[in-house]
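S.K.: File name query.pdb; file contents PDB, C-alpha atoms and all ligand atoms; full text below.
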```pdb
ATOM      1  CA  MET A   1     -35.882  24.472  -9.478
ATOM      2  CA  ALA A   2     -39.353  25.585  -8.706
ATOM      3  CA  LEU A   3     -41.617  25.914 -11.701
ATOM      4  CA  MET A   4     -43.941  28.780 -12.598
ATOM      5  CA  ILE A   5     -47.138  29.205 -14.568
ATOM      6  CA  THR A   6     -47.211  31.826 -17.325
ATOM      7  CA  ASP A   7     -50.112  33.995 -18.523
ATOM      8  CA  GLU A   8     -50.739  31.439 -21.267
ATOM      9  CA  CYS A   9     -52.579  29.420 -18.617
ATOM     10  CA  ILE A  10     -56.175  28.765 -19.676
ATOM     11  CA  ASN A  11     -57.364  27.997 -16.110
ATOM     12  CA  CYS A  12     -58.339  24.464 -17.073
ATOM     13  CA  ASP A  13     -57.971  23.337 -13.428
ATOM     14  CA  VAL A  14     -56.299  20.010 -14.186
ATOM     15  CA  CYS A  15     -52.882  20.696 -12.646
ATOM     16  CA  GLU A  16     -54.001  21.792  -9.176
ATOM     17  CA  PRO A  17     -55.144  18.359  -7.914
ATOM     18  CA  GLU A  18     -52.088  16.662  -9.456
ATOM     19  CA  CYS A  19     -49.557  18.524  -7.305
ATOM     20  CA  PRO A  20     -48.306  16.320  -4.453
ATOM     21  CA  ASN A  21     -47.139  19.390  -2.513
ATOM     22  CA  ASP A  22     -50.292  21.514  -2.806
ATOM     23  CA  ALA A  23     -48.127  24.169  -4.433
ATOM     24  CA  ILE A  24     -50.657  25.182  -7.090
ATOM     25  CA  SER A  25     -53.548  27.529  -6.431
ATOM     26  CA  MET A  26     -55.719  29.981  -8.296
ATOM     27  CA  GLY A  27     -54.084  33.386  -8.487
ATOM     28  CA  GLU A  28     -55.610  36.700  -9.442
ATOM     29  CA  ASP A  29     -55.982  35.909 -13.140
ATOM     30  CA  TYR A  30     -54.626  32.405 -13.580
ATOM     31  CA  TYR A  31     -53.078  29.582 -11.612
ATOM     32  CA  VAL A  32     -49.844  30.165  -9.688
ATOM     33  CA  ILE A  33     -47.163  27.972  -8.101
ATOM     34  CA  ALA A  34     -45.804  28.749  -4.621
ATOM     35  CA  PRO A  35     -42.016  28.375  -5.140
ATOM     36  CA  GLU A  36     -41.423  27.434  -1.499
ATOM     37  CA  GLN A  37     -43.704  24.439  -1.941
ATOM     38  CA  CYS A  38     -42.684  23.251  -5.418
ATOM     39  CA  THR A  39     -39.985  20.560  -5.402
ATOM     40  CA  GLU A  40     -40.382  19.963  -9.128
ATOM     41  CA  CYS A  41     -42.023  16.785  -7.830
ATOM     42  CA  VAL A  42     -38.696  15.541  -6.444
ATOM     43  CA  GLY A  43     -39.442  13.031  -3.679
ATOM     44  CA  HIS A  44     -42.808  12.107  -5.205
ATOM     45  CA  PHE A  45     -42.440  11.507  -8.947
ATOM     46  CA  ASP A  46     -39.746  11.274 -11.613
ATOM     47  CA  THR A  47     -41.253  14.095 -13.646
ATOM     48  CA  PRO A  48     -43.153  17.280 -12.771
ATOM     49  CA  GLN A  49     -46.783  16.199 -12.783
ATOM     50  CA  CYS A  50     -48.176  19.612 -13.638
ATOM     51  CA  VAL A  51     -45.974  19.837 -16.742
ATOM     52  CA  GLU A  52     -47.041  16.332 -17.803
ATOM     53  CA  ILE A  53     -50.705  17.210 -17.649
ATOM     54  CA  CYS A  54     -50.829  20.860 -18.780
ATOM     55  CA  PRO A  55     -52.517  21.019 -22.199
ATOM     56  CA  VAL A  56     -50.901  24.299 -23.226
ATOM     57  CA  ALA A  57     -47.337  23.767 -21.949
ATOM     58  CA  CYS A  58     -47.268  26.967 -19.916
ATOM     59  CA  ILE A  59     -45.201  25.745 -16.935
ATOM     60  CA  PRO A  60     -41.500  26.583 -17.352
ATOM     61  CA  VAL A  61     -38.756  26.709 -14.744
ATOM     62  CA  ASN A  62     -38.967  29.799 -12.551
ATOM     63  CA  PRO A  63     -35.724  31.685 -13.321
ATOM     64  CA  GLU A  64     -35.830  33.298  -9.884
ATOM     65  CA  HIS A  65     -35.861  29.921  -8.165
ATOM     66  CA  LEU A  66     -33.097  27.832  -9.704
ATOM     67  CA  GLU A  67     -32.321  24.988  -7.322
ATOM     68  CA  SER A  68     -30.267  21.809  -7.545
ATOM     69  CA  LYS A  69     -31.772  18.337  -7.154
ATOM     70  CA  GLU A  70     -30.102  18.224  -3.740
ATOM     71  CA  THR A  71     -31.792  21.459  -2.637
ATOM     72  CA  LEU A  72     -35.123  20.217  -3.971
ATOM     73  CA  TRP A  73     -34.690  17.007  -2.012
ATOM     74  CA  GLN A  74     -34.033  19.004   1.156
ATOM     75  CA  LYS A  75     -37.121  21.100   0.461
ATOM     76  CA  PHE A  76     -39.131  17.888   0.036
ATOM     77  CA  GLN A  77     -37.894  16.638   3.412
ATOM     78  CA  ARG A  78     -38.724  19.965   5.093
ATOM     79  CA  LEU A  79     -42.232  19.880   3.634
ATOM     80  CA  GLN A  80     -42.719  16.278   4.780
ATOM     81  CA  ALA A  81     -41.557  17.156   8.310
ATOM     82  CA  ALA A  82     -43.869  20.181   8.427
ATOM     83  CA  GLN A  83     -46.722  18.001   7.242
ATOM     84  CA  SER A  84     -46.206  15.364   9.910
ATOM     85  CA  ASP A  85     -45.839  18.056  12.582
ATOM     86  CA  ALA A  86     -49.164  19.505  11.458
ATOM     87  CA  ALA A  87     -50.757  16.056  11.433
ATOM     88  CA  ALA A  88     -49.421  15.317  14.924
ATOM     89  CA  ALA A  89     -50.721  18.656  16.211
ATOM     90  CA  HIS A  90     -54.069  18.054  14.552
ATOM     91  CA  GLY A  91     -54.331  14.581  16.014
ATOM     92  CA  GLY A  92     -53.431  15.854  19.465
ATOM     93  CA  VAL A  93     -50.472  13.481  19.703
TER      94      VAL A  93
HETATM   95  S1  LIG B   1     -43.617  20.456 -10.381
HETATM   96 FE1  LIG B   1     -44.666  19.074  -8.986
HETATM   97  S2  LIG B   1     -44.441  20.083  -6.994
HETATM   98 FE2  LIG B   1     -44.032  21.650  -8.518
HETATM   99  S3  LIG B   1     -46.007  22.636  -8.881
HETATM  100 FE3  LIG B   1     -45.769  21.026 -10.419
HETATM  101  S4  LIG B   1     -46.838  19.279  -9.563
HETATM  102 FE4  LIG B   1     -46.406  20.703  -7.860
HETATM  103  S1  LIG B   2     -52.820  22.679 -16.464
HETATM  104 FE1  LIG B   2     -51.795  24.425 -17.441
HETATM  105  S2  LIG B   2     -53.469  25.571 -18.414
HETATM  106 FE2  LIG B   2     -54.402  24.168 -16.941
HETATM  107  S3  LIG B   2     -54.638  25.387 -15.065
HETATM  108 FE3  LIG B   2     -52.683  24.291 -14.909
HETATM  109  S4  LIG B   2     -51.156  25.712 -15.730
HETATM  110 FE4  LIG B   2     -53.159  26.446 -16.372
END
```
Can the structure from this file be put into structure tokens for me?
Ligand code: SF4
Ligand code: SF4

M.R.:
Amino acid sequence: MALMITDECINCDVCEPECPNDAISMGEDYYVIAPEQCTECVGHFDTPQCVEICPVACIPVNPEHLESKETLWQKFQRLQAAQSDAAAAHGGV
């Protein structure tokens, strides 16, 4: 499952740097999570880091992006592959 940030977000900025997938960014009014990049921290941590750190508990599961652990794991692997492709391209390898 990808997670989402609700309008209860107080823009405290603490979750953005905690995301291992760079899925969190500032939206129009408050922070948002890109569902295609959120693995619910699967592959990186045992628990969603943004949920752990959010002081107002405004990060529920996104009901439009319900995914199994298996699917999240595959997403993690895709993101890792894309990252190393980008790094290889950047390094001119
Ligand atoms: S659950 Fe993990 S991957 Fe998803 S937005 Fe939060 S910190 Fe990022
Ligand atoms: S930690 Fe919670 S309140 Fe703070 S910016 Fe992230 S979602 Fe918003």

S.K.: List the spatial neighbours of segment 33-37 of chain A as a CSV table (one decimal) with C-alpha atoms, in the coordinates of the input - criterion: any atom at most 8 Å away, all atoms listed in the file, same-chain residues fewer than 6 positions off excluded.

M.R.:
```csv
chain,number,residue,atom,x,y,z
A,2,ALA,CA,-39.4,25.6,-8.7
A,3,LEU,CA,-41.6,25.9,-11.7
A,4,MET,CA,-43.9,28.8,-12.6
A,5,ILE,CA,-47.1,29.2,-14.6
A,21,ASN,CA,-47.1,19.4,-2.5
A,22,ASP,CA,-50.3,21.5,-2.8
A,23,ALA,CA,-48.1,24.2,-4.4
A,24,ILE,CA,-50.7,25.2,-7.1
A,25,SER,CA,-53.5,27.5,-6.4
A,65,HIS,CA,-35.9,29.9,-8.2
A,75,LYS,CA,-37.1,21.1,0.5
A,79,LEU,CA,-42.2,19.9,3.6
```

S.K.: What's around segment 10-14 of chain A at 8 Å? Count only C-alpha atoms, leave out sequence neighbours fewer than 6 positions away in its own chain, and write the answer as an mmCIF file with C-alpha atoms, keeping the file's coordinate frame.

M.R.:
```
data_model
loop_
_atom_site.group_PDB
_atom_site.id
_atom_site.type_symbol
_atom_site.label_atom_id
_atom_site.label_comp_id
_atom_site.auth_asym_id
_atom_site.auth_seq_id
_atom_site.Cartn_x
_atom_site.Cartn_y
_atom_site.Cartn_z
ATOM 1 C CA TYR A 30 -54.626 32.405 -13.580
ATOM 2 C CA TYR A 31 -53.078 29.582 -11.612
ATOM 3 C CA ILE A 53 -50.705 17.210 -17.649
ATOM 4 C CA CYS A 54 -50.829 20.860 -18.780
ATOM 5 C CA VAL A 56 -50.901 24.299 -23.226
#
```

S.K.: Using all atoms listed in the file, which residue out of A:Cys58, A:Cys38, A:Cys15, A:Cys9 lies closest to ligand LIG 1 (chain B)?

M.R.: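 Smallest distance to ligand LIG 1 (chain B) is found for A:Cys38.
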
S.K.: Could you write out as a list in words the residues that the PyMOL selection byres (((chain A and resi 66-70) around 10) and not hetatm) matches in the shown file?

M.R.: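 On this input, the PyMOL selection byres (((chain A and resi 66-70) around 10) and not hetatm) captures Met1, Ala2, Leu3, Thr39, Glu40, Val42, Gly43, Val61, Asn62, Pro63, Glu64, His65, Thr71, Leu72, Trp73, Gln74, Lys75 and Phe76 of chain A.
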
S.K.: Return the single residue from A:Cys41, A:Met26, A:Ala82, A:Ile59 that is closest to ligand LIG 1 (chain B), with distances computed using all atoms listed in the file.

M.R.: A:Cys41

S.K.: Mind giving me the straight-line distance from atom CA of Cys50 of chain A to atom CA of Gln80 of chain A in Å, one decimal?

M.R.: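 If I compute the distance from atom CA of Cys50 of chain A to atom CA of Gln80 of chain A, I get 19.5 Å.
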
S.K.: Taking all atoms listed in the file into account, name the residue in A:Pro17, A:Glu8, A:Gln49, A:Gly27 that is nearest to ligand LIG 1 (chain B).

M.R.: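 The shortest atom-to-atom distance to ligand LIG 1 (chain B) comes from A:Gln49.
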
S.K.: Interatomic distance between atom CA of Asp7 of chain A and atom CA of Glu28 of chain A?

M.R.: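 So the answer is 11.0 Å.
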
S.K.: Find the smallest box with edges along x, y and z containing every listed atom of ligand LIG 1 (chain B), then add 8 Å on each side and report centre and edge lengths in Å to one decimal, as AutoDock Vina command-line options.

M.R.:
```
--center_x -45.2 --center_y 20.9 --center_z -8.7 --size_x 19.2 --size_y 19.6 --size_z 19.4
```
